[in-house]
$ cat input_25.pdb   # PDB, C-alpha atoms
ATOM      1  CA  MET A  17       5.478   1.423  -1.089
ATOM      2  CA  PRO A  18       3.230  -1.669  -1.434
ATOM      3  CA  ALA A  19       0.274  -1.467  -3.806
ATOM      4  CA  VAL A  20      -3.099  -3.027  -2.984
ATOM      5  CA  LEU A  21      -6.054  -3.673  -5.265
ATOM      6  CA  ILE A  22      -9.317  -3.797  -3.299
ATOM      7  CA  VAL A  23     -12.230  -5.644  -4.913
ATOM      8  CA  ASP A  24     -15.631  -5.357  -3.201
ATOM      9  CA  ASP A  25     -19.092  -4.424  -4.425
ATOM     10  CA  ASP A  26     -19.764  -2.643  -1.121
ATOM     11  CA  ARG A  27     -18.725   0.983  -1.710
ATOM     12  CA  LYS A  28     -18.531   1.765   2.020
ATOM     13  CA  ILE A  29     -16.059  -1.061   2.639
ATOM     14  CA  ARG A  30     -13.930  -0.028  -0.347
ATOM     15  CA  LEU A  31     -13.840   3.571   0.829
ATOM     16  CA  THR A  32     -13.045   2.683   4.439
ATOM     17  CA  LEU A  33     -10.218   0.320   3.485
ATOM     18  CA  SER A  34      -8.821   2.712   0.890
ATOM     19  CA  ILE A  35      -8.632   5.637   3.319
ATOM     20  CA  PHE A  36      -7.057   3.526   6.072
ATOM     21  CA  LEU A  37      -4.449   1.875   3.860
ATOM     22  CA  GLU A  38      -3.502   5.117   2.101
ATOM     23  CA  ARG A  39      -2.901   6.709   5.496
ATOM     24  CA  ARG A  40      -0.657   3.754   6.330
ATOM     25  CA  GLY A  41       1.450   4.392   3.244
ATOM     26  CA  TYR A  42      -0.041   1.927   0.750
ATOM     27  CA  ARG A  43      -0.864   2.753  -2.851
ATOM     28  CA  VAL A  44      -4.487   1.741  -3.333
ATOM     29  CA  ARG A  45      -6.855   1.130  -6.219
ATOM     30  CA  ASP A  46     -10.433  -0.018  -5.525
ATOM     31  CA  VAL A  47     -12.979  -1.548  -7.892
ATOM     32  CA  ALA A  48     -16.441  -3.049  -7.559
ATOM     33  CA  SER A  49     -16.293  -6.157  -9.752
ATOM     34  CA  VAL A  50     -14.128  -8.987 -11.027
ATOM     35  CA  LYS A  51     -14.173  -7.566 -14.550
ATOM     36  CA  ALA A  52     -13.022  -4.161 -13.313
ATOM     37  CA  ALA A  53     -10.311  -5.814 -11.210
ATOM     38  CA  LEU A  54      -8.828  -7.670 -14.179
ATOM     39  CA  THR A  55      -8.877  -4.474 -16.224
ATOM     40  CA  ALA A  56      -7.199  -2.550 -13.399
ATOM     41  CA  LEU A  57      -4.442  -5.148 -13.083
ATOM     42  CA  ARG A  58      -3.353  -4.432 -16.656
ATOM     43  CA  GLU A  59      -2.365  -0.895 -15.690
ATOM     44  CA  PHE A  60      -2.030  -0.936 -11.888
ATOM     45  CA  ARG A  61       0.993  -2.881 -10.658
ATOM     46  CA  ALA A  62      -0.456  -4.407  -7.502
ATOM     47  CA  ASP A  63       1.601  -6.284  -4.927
ATOM     48  CA  ILE A  64      -1.482  -7.939  -3.495
ATOM     49  CA  VAL A  65      -5.214  -8.272  -4.174
ATOM     50  CA  LEU A  66      -7.793  -7.975  -1.389
ATOM     51  CA  SER A  67     -11.130  -9.348  -2.584
ATOM     52  CA  ASP A  68     -14.518 -10.021  -1.090
ATOM     53  CA  LEU A  69     -15.662 -13.626  -1.490
ATOM     54  CA  LYS A  70     -19.312 -12.954  -2.303
ATOM     55  CA  MET A  71     -20.158 -10.169  -4.734
ATOM     56  CA  GLU A  72     -22.973  -9.542  -7.168
ATOM     57  CA  GLY A  73     -22.236 -11.599 -10.268
ATOM     58  CA  GLU A  74     -18.767 -13.118 -10.201
ATOM     59  CA  GLY A  75     -17.077 -13.333  -6.798
ATOM     60  CA  GLY A  76     -13.746 -13.914  -5.149
ATOM     61  CA  ILE A  77     -13.367 -17.506  -6.372
ATOM     62  CA  GLU A  78     -13.756 -16.437 -10.012
ATOM     63  CA  LEU A  79     -11.311 -13.573  -9.477
ATOM     64  CA  LEU A  80      -8.824 -15.922  -7.831
ATOM     65  CA  ALA A  81      -8.946 -18.298 -10.807
ATOM     66  CA  ALA A  82      -8.428 -15.450 -13.280
ATOM     67  CA  VAL A  83      -5.559 -13.910 -11.304
ATOM     68  CA  LYS A  84      -3.786 -17.259 -11.007
ATOM     69  CA  THR A  85      -4.004 -17.591 -14.778
ATOM     70  CA  GLU A  86      -2.923 -14.064 -15.736
ATOM     71  CA  HIS A  87      -0.737 -13.138 -12.730
ATOM     72  CA  PRO A  88       0.316 -16.426 -11.061
ATOM     73  CA  ALA A  89       2.741 -14.820  -8.579
ATOM     74  CA  LEU A  90       0.234 -12.218  -7.353
ATOM     75  CA  PRO A  91      -1.205 -13.118  -3.918
ATOM     76  CA  VAL A  92      -4.957 -12.869  -3.376
ATOM     77  CA  ILE A  93      -6.471 -12.422   0.086
ATOM     78  CA  ILE A  94     -10.144 -13.283   0.500
ATOM     79  CA  MET A  95     -12.486 -11.317   2.783
ATOM     80  CA  THR A  96     -15.458 -13.315   4.008
ATOM     81  CA  ALA A  97     -18.301 -13.304   6.518
ATOM     82  CA  PHE A  98     -18.607 -15.956   9.230
ATOM     83  CA  ALA A  99     -21.250 -17.840   7.228
ATOM     84  CA  THR A 100     -18.827 -18.403   4.334
ATOM     85  CA  VAL A 101     -15.643 -19.340   6.210
ATOM     86  CA  GLU A 102     -15.825 -22.872   4.807
ATOM     87  CA  LYS A 103     -15.818 -21.454   1.280
ATOM     88  CA  ALA A 104     -12.871 -19.228   2.186
ATOM     89  CA  VAL A 105     -10.933 -22.288   3.318
ATOM     90  CA  GLY A 106     -11.795 -23.800  -0.040
ATOM     91  CA  ALA A 107     -10.343 -20.692  -1.677
ATOM     92  CA  ILE A 108      -7.069 -21.340   0.145
ATOM     93  CA  LYS A 109      -6.980 -24.793  -1.422
ATOM     94  CA  LEU A 110      -7.481 -23.161  -4.819
ATOM     95  CA  GLY A 111      -4.490 -20.879  -4.301
ATOM     96  CA  ALA A 112      -5.592 -17.907  -2.194
ATOM     97  CA  ALA A 113      -2.755 -16.586  -0.046
ATOM     98  CA  ASP A 114      -4.919 -15.980   3.015
ATOM     99  CA  PHE A 115      -8.399 -14.999   4.186
ATOM    100  CA  ILE A 116      -9.787 -12.669   6.825
ATOM    101  CA  VAL A 117     -13.214 -12.864   8.445
ATOM    102  CA  LYS A 118     -15.545  -9.863   8.537
ATOM    103  CA  PRO A 119     -15.973  -7.777  10.556
ATOM    104  CA  PHE A 120     -12.309  -7.020  11.214
ATOM    105  CA  ALA A 121     -10.371  -4.201  12.826
ATOM    106  CA  PRO A 122      -8.143  -2.057  10.578
ATOM    107  CA  ALA A 123      -5.054  -3.313  12.394
ATOM    108  CA  GLU A 124      -6.009  -6.901  11.484
ATOM    109  CA  ILE A 125      -6.150  -6.240   7.759
ATOM    110  CA  GLU A 126      -2.845  -4.394   7.880
ATOM    111  CA  GLN A 127      -1.246  -7.323   9.696
ATOM    112  CA  VAL A 128      -2.541  -9.794   7.095
ATOM    113  CA  LEU A 129      -1.374  -7.608   4.205
ATOM    114  CA  SER A 130       2.052  -7.008   5.734
ATOM    115  CA  ARG A 131       2.612 -10.703   6.402
ATOM    116  CA  ASN A 132       1.657 -11.769   2.906
ATOM    117  CA  ILE A 133       3.643  -9.030   1.172
ATOM    118  CA  HIS A 134       6.667 -10.095   3.219
ATOM    119  CA  ILE A 135       6.129 -13.731   2.198
ATOM    120  CA  GLN A 136       5.788 -12.653  -1.430
ATOM    121  CA  GLY A 137       9.163 -10.886  -1.187
ATOM    122  CA  LEU A 138      10.844 -13.969   0.271
ATOM    123  CA  GLU A 139       9.388 -16.152  -2.467
ATOM    124  CA  ALA A 140      10.679 -13.744  -5.127
ATOM    125  CA  ASP A 141      14.133 -13.834  -3.510
ATOM    126  CA  SER A 142      13.968 -17.623  -3.496
ATOM    127  CA  ARG A 143      13.143 -17.720  -7.216
ATOM    128  CA  ASN A 144      16.064 -15.393  -7.972
ATOM    129  CA  LEU A 145      18.363 -17.471  -5.805
ATOM    130  CA  ARG A 146      17.364 -20.613  -7.691
ATOM    131  CA  ALA A 147      18.034 -18.855 -10.972
ATOM    132  CA  ALA A 148      21.451 -17.717  -9.761
ATOM    133  CA  LEU A 149      22.352 -21.207  -8.576
ATOM    134  CA  GLY A 150      21.725 -22.471 -12.074
ATOM    135  CA  ARG A 151      24.774 -20.507 -13.261
ATOM    136  CA  GLU A 152      28.171 -22.137 -13.265
ATOM    137  CA  ASP A 153      30.051 -18.816 -13.121
ATOM    138  CA  LEU A 154      29.176 -18.071  -9.481
ATOM    139  CA  LEU A 155      32.500 -18.075  -7.594
ATOM    140  CA  THR A 156      33.713 -17.633  -4.025
ATOM    141  CA  ARG A 157      36.832 -18.576  -2.066
ATOM    142  CA  SER A 158      34.998 -18.700   1.262
ATOM    143  CA  GLU A 159      34.596 -22.271   2.565
ATOM    144  CA  ALA A 160      31.625 -21.155   4.670
ATOM    145  CA  LEU A 161      29.892 -19.593   1.679
ATOM    146  CA  GLN A 162      30.706 -22.593  -0.502
ATOM    147  CA  GLY A 163      28.925 -24.758   2.051
ATOM    148  CA  THR A 164      25.960 -22.394   2.065
ATOM    149  CA  LEU A 165      25.770 -22.443  -1.728
ATOM    150  CA  SER A 166      25.965 -26.230  -1.777
ATOM    151  CA  LEU A 167      23.115 -26.506   0.697
ATOM    152  CA  ALA A 168      21.027 -23.947  -1.188
ATOM    153  CA  GLU A 169      21.689 -25.719  -4.493
ATOM    154  CA  ARG A 170      20.375 -28.988  -3.074
ATOM    155  CA  SER A 171      17.348 -27.204  -1.636
ATOM    156  CA  ALA A 172      16.672 -25.500  -4.962
ATOM    157  CA  ARG A 173      15.831 -28.869  -6.495
ATOM    158  CA  SER A 174      12.858 -29.084  -4.140
ATOM    159  CA  GLU A 175       9.842 -26.809  -3.636
ATOM    160  CA  ALA A 176      11.293 -25.492  -0.358
ATOM    161  CA  THR A 177      11.861 -21.782   0.197
ATOM    162  CA  VAL A 178      15.479 -21.053   1.104
ATOM    163  CA  LEU A 179      16.295 -18.262   3.554
ATOM    164  CA  VAL A 180      19.976 -17.513   4.287
ATOM    165  CA  VAL A 181      20.655 -15.327   7.307
ATOM    166  CA  GLY A 182      23.788 -14.267   9.145
ATOM    167  CA  ARG A 183      25.218 -11.748  11.551
ATOM    168  CA  GLU A 184      25.480  -8.098  10.541
ATOM    169  CA  ARG A 185      29.060  -6.972   9.994
ATOM    170  CA  HIS A 186      29.868  -3.289  10.084
ATOM    171  CA  GLY A 187      33.058  -1.360   9.409
ATOM    172  CA  GLN A 188      34.709  -4.091   7.363
ATOM    173  CA  GLU A 189      36.124  -3.758   3.882
ATOM    174  CA  HIS A 190      34.886  -6.307   1.348
ATOM    175  CA  ASP A 191      37.349  -6.409  -1.514
ATOM    176  CA  ARG A 192      36.436  -9.818  -2.942
ATOM    177  CA  PRO A 193      32.654 -10.254  -2.961
ATOM    178  CA  ALA A 194      31.162 -13.396  -4.456
ATOM    179  CA  TYR A 195      29.911 -11.825  -7.678
ATOM    180  CA  PRO A 196      29.194 -13.898 -10.771
ATOM    181  CA  ARG A 197      32.246 -13.854 -13.047
ATOM    182  CA  GLY A 198      32.157 -10.976 -15.520
ATOM    183  CA  LYS A 199      29.520  -9.065 -13.556
ATOM    184  CA  ARG A 200      30.386  -5.811 -11.802
ATOM    185  CA  THR A 201      27.449  -5.943  -9.399
ATOM    186  CA  PRO A 202      25.301  -8.775  -8.030
ATOM    187  CA  PRO A 203      21.696  -9.241  -9.184
ATOM    188  CA  GLY A 204      19.551  -6.527  -7.573
ATOM    189  CA  ALA A 205      17.048  -8.951  -6.083
ATOM    190  CA  LEU A 206      19.835 -10.634  -4.118
ATOM    191  CA  ARG A 207      21.136  -7.461  -2.516
ATOM    192  CA  ARG A 208      18.224  -6.965  -0.149
ATOM    193  CA  GLY A 209      16.408  -8.585   2.747
ATOM    194  CA  GLU A 210      17.486 -11.737   4.470
ATOM    195  CA  LEU A 211      19.375 -12.990   1.403
ATOM    196  CA  ARG A 212      22.074 -10.310   1.594
ATOM    197  CA  GLU A 213      24.444 -12.853   3.184
ATOM    198  CA  PHE A 214      24.298 -14.799  -0.096
ATOM    199  CA  PHE A 215      26.819 -12.313  -1.462
ATOM    200  CA  ALA A 216      28.842 -12.107   1.746
ATOM    201  CA  ASP A 217      32.559 -11.328   1.934
ATOM    202  CA  ALA A 218      34.533 -13.976   0.079
ATOM    203  CA  SER A 219      37.619 -13.637   2.270
TER     204      SER A 219
END

$ encode --input "input_25.pdb" --output "structure tokens"
Amino acid sequence: MPAVLIVDDDRKIRLTLSIFLERRGYRVRDVASVKAALTALREFRADIVLSDLKMEGEGGIELLAAVKTEHPALPVIIMTAFATVEKAVGAIKLGAADFIVKPFAPAEIEQVLSRNIHIQGLEADSRNLRAALGREDLLTRSEALQGTLSLAERSARSEATVLVVGRERHGQEHDRPAYPRGKRTPPGALRRGELREFFADAS
């Protein structure tokens, strides 16, 4: 289940968000300051950080900078009031994954979290795909898959995210999957989500 670190110096907001997200199946840790957040991240494996922009002392911008240094792949979502939307947009330019304006309905925050966790998963799959394409021992006899690999290899040289999708196929035997030579199973990260067609039947 996804893990969320909530950072807000307003105890009521932390409590409300924690209760709602835990009921929705998230693992949640909440803290009241940037310093506490960075300490928590050393022991709590968060999938996403949800931080208020303005807090007593250091705020969301300072947390964002620290997270990008220590945990560059960890997305940070900024919560902000209407009066600070411009600053939240600035946070996006500094690397925040998203922002949400207070006050918001519980369903809104869940939608934002779900979208960004999904994007994070696709980006991780893309990084693993790029790593796999750097290996010369990846083999397949399928002309269609060879074409897909060629296209993905060219895309991997850019900053684009590659998503390979295809039709579901049920009830078929796959006796020659496109595994890397010498490997009994494909890399775990490439067996899930939309990239499962990457290791499609090689026949």

$ resolve_selection --input "input_25.pdb" --expression "the PyMOL selection byres ((chain A and resi 41-52) around 6)" --output "MDAnalysis selection string"
chainID A and resid 17:25 37:40 53:55 79

$ resolve_selection --input "input_25.pdb" --expression "the PyMOL selection byres ((chain A and resi 123-134) around 8)" --output "NGL selection string"
:A and (18 or 37 or 63-64 or 91 or 113-114 or 116 or 120-122 or 135-138)

$ atom_distance --input "input_25.pdb" --atom1 "atom CA of A:Lys70" --atom2 "atom CA of A:Leu31"
17.7 Å

$ closest_residue --input "input_25.pdb" --among "A:Arg27, A:His87, A:Lys103, A:Lys109" --to "A:Leu57" --atoms "only C-alpha atoms"
A:His87

$ atom_distance --input "input_25.pdb" --atom1 "atom CA of A:Ile35" --atom2 "atom CA of A:Leu66"
14.4 Å

$ resolve_selection --input "input_25.pdb" --expression "the PyMOL selection byres ((chain A and resi 106) around 12)" --output "JSON, numbers by chain"
{"A": [69, 76, 77, 80, 94, 96, 100, 101, 102, 103, 104, 105, 107, 108, 109, 110, 111, 112, 113, 114, 115]}

$ atom_distance --input "input_25.pdb" --atom1 "atom CA of A:Glu59" --atom2 "atom CA of A:Val117"
29.0 Å

$ closest_residue --input "input_25.pdb" --among "A:Leu167, A:Phe98, A:Val92, A:Ala62" --to "A:Glu78" --atoms "only C-alpha atoms"
A:Val92
